[in-house]
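Following: one structure in structure tokens, then a few remarks.
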Amino acid sequence: MVLPLWNAYSFFATYAAVDKWTPPANSTPVAERALMDKWIISMAQSLVRDVNVEMEAYRLYNVIPRVLGFIDHLTNWYIRRSRRRFWHNEDSADKQHAFETLYEVLCLFSRLLAPILPFMADILYQRLEAGKRAGAEDSVHLEAFPAADESLVDADLEAAMAVMREVVTLGRNLREQNRIPVKQPLPAITVAATGGSPALRSALTDVVQEELNVKTVTWVADPAELVNLSVKANFKVLGRLLGPKMKPVAGAIARLGAGDIAALQAGETLTVEGESITLEHVLIVQESKGEGAVASSGDVTVELDTTITHALKLEGLAREIISKVQSARKDAGLEVEDRIQLSLRTESADLTEAIAAHGDLIAGEVLATVLVALDAEHTGVKAGGEALGIALQRA
């Protein structure tokens with residue numbers, strides 16, 4: 001718990017120092033901020049509400065899982081998704097909103113943590129508020145325990161973002177199964193889901209595109225548009241229960257139709273050959289109706305198009321080059337805001353073509369003012385299995 005939270009604070013403190021950012025006297029209304037900001041604020045207020053309910057009922061064992069879950073939302077989703085807004089953002093208002101949001105969430109969370117991690121909570125409070133905010137107390141333990149602001153809770157947005165996270169998890173699993181790295185762009189993913197409103201899912205489509213590195217995202221209403229479903233008996237569970245009746249029951253289960261499968265998924269019990277059958281007694285088999293890779297979890301089903309064209313291959317190589325240059329920046333001890341001059345050398349036809357096609361993308365991502373031919377020693381690395389030389393210097 002402590003290390004991820006400290007990393008979240010360190011991220012904020014680092015970029016706030018770079019930008020010389022300080023909390024404004026009047027913060028921007030939440031309604032004017034980005035969806036990602038509204039989401040993490042809603043999640044924080046929902047956490048405060050739930051923690052108050054659980055602690056008032058003396059169910060302290062329910063508090064820690066919720067706190068840990070929020071730290072995951074904050075670090076592995078909000079900060080990771082918003083990182084570019086803090087350091088690579090030409091929209092000054094959006095950057096301001098990102099700083100305000102992260103600051104406010106950390107301040108609120110430090111107060112919520114006070115009875116759980118008293119020393120950590122006070123360290124955060126001292127660094128964020130004490131002596132820096134008008135009216136701040138000397139310690140977080142002198143502050144009132146937070147109460148939820150229900151006007152900032154958006155259940156629909158939380159549900160829609162939960163769908164996005166599930167889609168991303170399923171898509172990444174399919175990439176791993178097909179041995180396709182995330183840096184390699186893919187044509188499309190098609191998603192069947194019910195959580196959140198269609199309007200919000202559409203507004204958050206760019207999240208899936210960026211996280212899964214796909215060109216298009218298509219939403220459909222019915223999973224049956226993507227997959228054919230069938231069931232077979234779960235012999236591991238049923239075998240020890242049915243004994244000699246296993247064979248006729250297994251045959252009858254294999255003949256169940258779409259309506260029966262839907263009933264099992266909804267938690268209903270079916271009678272098959274005189275035996276009561278529930279979802280735990282069967283294995284659901286999915287077969288893609290197309291040529292893509294499919295996966296599902298709960299109410300979310302996805303089909304990932306794994307076709308890699310030559311153009312997509314070149315873009316994937318460019319992404320790999322970016323990763324190698326970022327590592328070289330780190331090895332050179334450069335600061336996150338330092339602009340560089342960058343030189344790339346290769347005898348690979350594919351890498352040469354990738355650099356020519358995506359030079360602006362590479363330069364922009366690694367903060368290179370220009371791609372040049374530096375008269376300096378080039379560090380040899382591998383990108384796409386091909387040799388690449390990298391030389392850089394502070395611009």
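Here's how to read the names in the structure tokens: chain A, B, ... by the order shown, residue numbers from 1 in each chain, ligand numbers from 1 in the order shown.
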Excluding A:His141 and any residue of its chain fewer than 6 positions from it, enumerate the residues within 8 Å of it, using only C-alpha atoms, and give them as a PyMOL selection string. chain A and resi 111+114+118+122
Alpha helix (DSSP H) per DSSP on the backbone: members of stretch 137-382 of chain A, as a ChimeraX atom specification: /A:155-177,198-203,205-212,235-242,246-254,258-265,310-331,349-365
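With only C-alpha atoms as the atoms that count, the residue of A:His73, A:Leu242, A:Leu229, A:Val53 with the shortest distance to A:Arg255 is A:Leu229.
The space between atom CA of A:Arg329 and atom CA of A:Ala383 spans 16.1 Å.
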Shell of 12 Å around A:Ala13, only C-alpha atoms, local chain residues under 2 positions omitted, as an NGL selection string: :A and (6-11 or 15-22 or 86 or 99 or 102-103 or 106 or 124 or 127-128)
Residues from the last selection, C-alpha atoms, saved as a compact mmCIF listing (two decimals), in the first residue's frame:
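File produced: part.txt:
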# COMPACT_ATOMS: atom_id res chain seq x y z
CA TRP A 6 4.28 7.27 -2.20
CA ASN A 7 5.01 6.87 -5.90
CA ALA A 8 1.75 8.71 -6.65
CA TYR A 9 2.78 11.57 -4.39
CA SER A 10 6.32 11.61 -5.85
CA PHE A 11 4.89 11.81 -9.36
CA TYR A 15 5.95 17.57 -12.03
CA ALA A 16 4.55 20.29 -9.76
CA ALA A 17 8.16 21.35 -9.07
CA VAL A 18 9.04 21.30 -12.77
CA ASP A 19 6.02 23.49 -13.61
CA LYS A 20 6.28 25.55 -10.41
CA TRP A 21 2.62 24.66 -9.84
CA THR A 22 0.82 25.72 -6.68
CA PHE A 86 1.45 16.66 -16.89
CA PHE A 99 -2.71 19.08 -11.34
CA LEU A 102 -4.43 14.87 -8.44
CA TYR A 103 -3.70 17.37 -5.66
CA LEU A 106 -4.20 13.13 -2.61
CA LEU A 124 1.37 13.50 2.97
CA ARG A 127 3.92 18.01 2.25
CA LEU A 128 0.64 18.88 0.58
Which residue gives the smallest distance to A:Gly290 among A:Leu371, A:Leu351, A:Val227, A:Ala262, with only C-alpha atoms counted?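 Using only C-alpha atoms, the shortest distance to A:Gly290 belongs to A:Val227.
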Using only C-alpha atoms, which residue out of A:Leu334, A:Val282, A:Ala188, A:Ala258 lies closest to A:Leu312? A:Ala188
Neighbours of A:Asp360 within 12 Å (only C-alpha atoms; same-chain residues fewer than 3 positions away dropped), as a PyMOL selection string? chain A and resi 315+318-319+322+342+354-357+363-371
Best match for closeness to A:Tyr125 among A:Val153, A:Ile277, A:Leu113, A:Leu283, counting only C-alpha atoms: A:Leu113
Point-to-point distance from atom CA of A:Glu137 to atom CA of A:Asn26, Å rounded to tenths: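 For atom CA of A:Glu137 relative to atom CA of A:Asn26, the distance reads 19.3 Å.
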